[in-house]
Amino acid sequence: MRKRFSVAALVLGLALVGTSAGAQETIRLRIASGHPPVNTYVNLMQNFFVPEVTKRVAARTKHKVEFVEGYGGAMVKVADTLEGVQSGIIDIGGYCFCFEPSNLPLHAFQIMLPFGTMSPVMSLKVARAVYDQVPYMSKVFEDKYKQKLIALIADNGYNLGTTFEWNSVADLKGQKIAGAGLNLKWLEFAGATPVQSSLPEAYTAMQTGVYNGWIMFPSGWVNFKLHEIGKFYTEIGFGAITWHGLTINSARWSRLPKDVQDIILEVAKEYEARTGTVNEENYPKQLADLKAKGAVVRQLPDTVRQEWANSLAAWPAQKAKELDGQGLPGTQVLEIALKAAEDAGHKWPVRYKVK
């Protein structure tokens, strides 16, 4: 079933569809995300990508770029952004591939290797190694979804926030805990009851008991005030995952002047790097902020992490085989990611075998 967009977004999109950029001095680009600017990557879209493209185009070309911005679901919802870019409702979209399990099943590959690096900078390096060696990872956006991937986006390291204290994997059995997409499997193997959700609904859902915890990086716990409901934030160290991206509609891209394209790619590369460095710099600050707001932030013994990793030991190979069966390079991607992480110094609690 096709995802639906609001009438307002559709009208806005149709009203702002421009003619060839070469025929006009001002280029209007609609940029959007279903997440609000409190999310680091959206904040960087708003406060780095947009102003830098605007400034550099004005300084170095005869053109002028004007962005029409729509964050927090103003133009597209979190699960509708890929299609929003594909259909031309928006020109540029930032979104999590986690909301596209059917369209982009392989792009969640770092989720399939739980307890990876907690460094967003290293996570980006691992992801880049995969994207650079496996052309499919980028080409699928152009071949199937009428858009061009211009930047990868790193998240902070995933941990577990809960309304209750827990000290072992057994304590999670039967507890309703939220996640997004494939990381729900982490919960399933631990014996918890996984619940698909998204950050904009997390506060109310936890408040009303729809679920009692979230697999979440600390910025989400801080920015969405989840510490008010879930007092316990546990650094279990699932890993920093690069499974968001910034894409631009292919037809809109083809109409842009070459000098504007070059600047967009230049800024997008810097934007990508910043999603790693800014998240890495913010992580300890966010943990300190949580503590200051009364949250109980703690680390459990390595044995707990090891136990959880052991429960997931066979899963990467299962996923690789499943993806290979769909005609996708699943085994190749997971092997590249495993090796890239080790080459960067990461030590897996369980050395997954994918074939």
# chains A, B, ... in the order shown; residues from 1 in each chain; ligands from 1
call {"tool": "select_by_dssp", "arguments": {"residues": "stretch 158-216 of chain A", "states": "alpha helix (DSSP H)", "output": "list in words"}}
result
Leu184, Lys185, Trp186, Leu187, Glu188, Phe189, Ala190, Ala202, Tyr203, Thr204, Ala205, Met206 and Gln207 of chain A
call {"tool": "residues_around", "arguments": {"residues": "A:Glu281", "least_positions_apart": "6", "cutoff": "12 Å", "atoms": "only C-alpha atoms", "output": "PDB file with C-alpha atoms, in the first residue's frame"}}
result
ATOM      1  CA  THR A  40      21.653  15.743  15.917  1.00  0.00           C
ATOM      2  CA  SER A 119      32.252   5.495  18.301  1.00  0.00           C
ATOM      3  CA  PRO A 120      30.107   7.274  15.677  1.00  0.00           C
ATOM      4  CA  VAL A 121      33.312   8.310  13.879  1.00  0.00           C
ATOM      5  CA  ASP A 155      24.053   8.014  15.236  1.00  0.00           C
ATOM      6  CA  ASN A 156      25.402   7.918  18.753  1.00  0.00           C
ATOM      7  CA  GLY A 157      25.918   4.592  20.473  1.00  0.00           C
ATOM      8  CA  SER A 219      20.650  12.237  22.845  1.00  0.00           C
ATOM      9  CA  ARG A 274      30.131  16.044  11.280  1.00  0.00           C
ATOM     10  CA  THR A 275      27.381  13.546  12.109  1.00  0.00           C
ATOM     11  CA  LEU A 287      25.297  11.286  29.816  1.00  0.00           C
TER      12      LEU A 287
END
call {"tool": "closest_residue", "arguments": {"among": "A:Met45, A:Leu338, A:Ile248, A:Val278", "to": "A:Leu82", "atoms": "only C-alpha atoms"}}
result
A:Ile248
call {"tool": "closest_residue", "arguments": {"among": "A:Ala273, A:Val304, A:Thr204, A:Tyr352", "to": "A:Leu172", "atoms": "only C-alpha atoms"}}
result
A:Val304
call {"tool": "residues_around", "arguments": {"residues": "A:Trp308", "least_positions_apart": "2", "cutoff": "12 Å", "atoms": "only C-alpha atoms", "output": "MDAnalysis selection string"}}
result
chainID A and resid 114:115 168:172 185:192 236:238 300:306 310:313 349:350
call {"tool": "write_last_selection", "arguments": {"atoms": "N, CA and C atoms", "output": "short mmCIF file (atom, residue, chain, number, x, y, z; two decimals), in the first residue's frame"}}
result
data_model
loop_
_atom_site.label_atom_id
_atom_site.label_comp_id
_atom_site.auth_asym_id
_atom_site.auth_seq_id
_atom_site.Cartn_x
_atom_site.Cartn_y
_atom_site.Cartn_z
N PRO A 114 25.46 -6.70 16.24
CA PRO A 114 25.31 -5.98 17.51
C PRO A 114 26.58 -6.00 18.35
N PHE A 115 26.68 -5.00 19.23
CA PHE A 115 27.83 -4.79 20.10
C PHE A 115 29.08 -4.44 19.29
N SER A 168 20.52 -8.11 34.82
CA SER A 168 20.91 -9.26 34.02
C SER A 168 19.96 -9.35 32.83
N VAL A 169 20.35 -10.12 31.83
CA VAL A 169 19.50 -10.31 30.66
C VAL A 169 18.18 -10.96 31.07
N ALA A 170 18.23 -11.82 32.06
CA ALA A 170 17.02 -12.51 32.53
C ALA A 170 15.98 -11.52 33.07
N ASP A 171 16.44 -10.38 33.59
CA ASP A 171 15.51 -9.38 34.13
C ASP A 171 14.64 -8.75 33.04
N LEU A 172 15.04 -8.90 31.79
CA LEU A 172 14.31 -8.28 30.67
C LEU A 172 13.23 -9.19 30.11
N LYS A 185 15.20 -7.25 16.99
CA LYS A 185 15.73 -8.60 17.14
C LYS A 185 16.65 -8.72 18.35
N TRP A 186 17.37 -7.64 18.68
CA TRP A 186 18.21 -7.68 19.87
C TRP A 186 17.37 -8.01 21.10
N LEU A 187 16.17 -7.42 21.15
CA LEU A 187 15.26 -7.63 22.28
C LEU A 187 14.68 -9.03 22.27
N GLU A 188 14.31 -9.47 21.09
CA GLU A 188 13.70 -10.79 20.95
C GLU A 188 14.62 -11.88 21.46
N PHE A 189 15.90 -11.82 21.08
CA PHE A 189 16.85 -12.83 21.52
C PHE A 189 17.11 -12.76 23.02
N ALA A 190 16.90 -11.59 23.61
CA ALA A 190 17.08 -11.44 25.05
C ALA A 190 15.86 -11.89 25.85
N GLY A 191 14.76 -12.20 25.14
CA GLY A 191 13.55 -12.65 25.82
C GLY A 191 12.57 -11.55 26.14
N ALA A 192 12.91 -10.30 25.75
CA ALA A 192 11.97 -9.19 25.96
C ALA A 192 10.89 -9.24 24.89
N ILE A 236 24.80 -0.40 27.90
CA ILE A 236 25.05 -1.78 27.52
C ILE A 236 25.95 -1.86 26.29
N GLY A 237 25.98 -0.80 25.48
CA GLY A 237 26.93 -0.72 24.37
C GLY A 237 26.58 -1.56 23.16
N PHE A 238 25.38 -1.37 22.63
CA PHE A 238 24.98 -2.10 21.42
C PHE A 238 25.78 -1.68 20.19
N LEU A 300 26.82 -1.94 33.32
CA LEU A 300 26.75 -3.26 33.91
C LEU A 300 28.06 -4.00 33.66
N PRO A 301 28.33 -5.06 34.40
CA PRO A 301 29.55 -5.83 34.17
C PRO A 301 29.63 -6.35 32.73
N ASP A 302 30.84 -6.52 32.23
CA ASP A 302 31.04 -7.03 30.87
C ASP A 302 30.37 -8.38 30.66
N THR A 303 30.20 -9.12 31.74
CA THR A 303 29.59 -10.44 31.63
C THR A 303 28.15 -10.36 31.13
N VAL A 304 27.46 -9.27 31.45
CA VAL A 304 26.07 -9.10 31.00
C VAL A 304 26.06 -8.84 29.49
N ARG A 305 26.96 -7.98 29.05
CA ARG A 305 27.08 -7.70 27.62
C ARG A 305 27.47 -8.97 26.86
N GLN A 306 28.38 -9.73 27.44
CA GLN A 306 28.82 -10.98 26.82
C GLN A 306 27.66 -11.97 26.70
N ASN A 310 26.22 -13.41 23.26
CA ASN A 310 26.18 -14.85 23.00
C ASN A 310 24.82 -15.29 22.47
N SER A 311 23.75 -14.67 22.98
CA SER A 311 22.41 -15.05 22.54
C SER A 311 22.18 -14.69 21.07
N LEU A 312 22.97 -13.74 20.57
CA LEU A 312 22.81 -13.25 19.20
C LEU A 312 23.87 -13.80 18.25
N ALA A 313 24.71 -14.72 18.74
CA ALA A 313 25.89 -15.15 17.98
C ALA A 313 25.56 -15.72 16.61
N PRO A 349 32.64 -8.75 21.24
CA PRO A 349 32.47 -9.69 22.35
C PRO A 349 32.25 -11.11 21.87
N VAL A 350 31.65 -11.22 20.67
CA VAL A 350 31.53 -12.49 19.97
C VAL A 350 31.98 -12.24 18.54
#
call {"tool": "residues_around", "arguments": {"residues": "stretch 226-229 of chain A", "least_positions_apart": "2", "cutoff": "9 Å", "atoms": "only C-alpha atoms", "output": "ChimeraX atom specification"}}
result
/A:161-163,202-203,206-207,212,220-224,231-233,290,293-296
call {"tool": "residues_around", "arguments": {"residues": "A:Pro316", "least_positions_apart": "4", "cutoff": "12 Å", "atoms": "only C-alpha atoms", "output": "ChimeraX atom specification"}}
result
/A:106,108-115,182,185-186,309-312,320-323,330-335,337-338,350-355
call {"tool": "atom_distance", "arguments": {"atom1": "atom CA of A:Ala180", "atom2": "atom CA of A:Ser250"}}
result
27.6 Å
call {"tool": "residues_around", "arguments": {"residues": "stretch 59-73 of chain A", "least_positions_apart": "3", "cutoff": "6 Å", "atoms": "only C-alpha atoms", "output": "ChimeraX atom specification"}}
result
/A:25-36,54,56,76-77
call {"tool": "residues_around", "arguments": {"residues": "stretch 251-264 of chain A", "least_positions_apart": "3", "cutoff": "12 Å", "atoms": "only C-alpha atoms", "output": "MDAnalysis selection string"}}
result
chainID A and resid 16:30 48:65 85:92 142 145:151 246:248 267:272
call {"tool": "select_by_dssp", "arguments": {"residues": "stretch 143-212 of chain A", "states": "strand (DSSP E or B)", "output": "number ranges by chain"}}
result
A: 147-162, 176-179, 193-196
call {"tool": "write_last_selection", "arguments": {"atoms": "C-alpha atoms", "output": "short mmCIF file (atom, residue, chain, number, x, y, z; two decimals), in the first residue's frame"}}
result
data_model
loop_
_atom_site.label_atom_id
_atom_site.label_comp_id
_atom_site.auth_asym_id
_atom_site.auth_seq_id
_atom_site.Cartn_x
_atom_site.Cartn_y
_atom_site.Cartn_z
CA GLN A 147 17.13 9.61 -5.71
CA LYS A 148 20.84 10.03 -5.13
CA LEU A 149 22.51 9.24 -1.82
CA ILE A 150 24.71 12.23 -0.99
CA ALA A 151 25.66 11.55 2.65
CA LEU A 152 25.64 8.85 5.26
CA ILE A 153 24.54 9.79 8.77
CA ALA A 154 25.95 8.33 11.99
CA ASP A 155 24.05 8.01 15.24
CA ASN A 156 25.40 7.92 18.75
CA GLY A 157 25.92 4.59 20.47
CA TYR A 158 22.78 2.66 21.36
CA ASN A 159 22.09 1.71 24.96
CA LEU A 160 18.95 0.76 26.88
CA GLY A 161 16.74 3.17 28.79
CA THR A 162 13.99 1.74 31.01
CA LYS A 176 7.80 -4.62 26.64
CA ILE A 177 10.65 -2.60 25.14
CA ALA A 178 10.62 -0.42 22.03
CA GLY A 179 13.01 -0.23 19.12
CA THR A 193 8.77 -8.33 24.10
CA PRO A 194 9.79 -6.01 21.21
CA VAL A 195 7.54 -3.10 20.22
CA GLN A 196 8.05 -1.10 17.01
#
call {"tool": "atom_distance", "arguments": {"atom1": "atom CA of A:Leu265", "atom2": "atom CA of A:Asn282"}}
result
25.4 Å
call {"tool": "closest_residue", "arguments": {"among": "A:Gly276, A:Pro218, A:Gly325, A:Gly116", "to": "A:Lys291", "atoms": "only C-alpha atoms"}}
result
A:Pro218
call {"tool": "closest_residue", "arguments": {"among": "A:Gly239, A:Gly174, A:Pro101, A:Gly245", "to": "A:Tyr211", "atoms": "only C-alpha atoms"}}
result
A:Gly174
call {"tool": "closest_residue", "arguments": {"among": "A:His346, A:Lys225, A:His244, A:Lys139", "to": "A:Asp289", "atoms": "only C-alpha atoms"}}
result
A:Lys225
call {"tool": "closest_residue", "arguments": {"among": "A:Asn183, A:Asn39, A:Pro329, A:Pro200", "to": "A:Val134", "atoms": "only C-alpha atoms"}}
result
A:Pro329
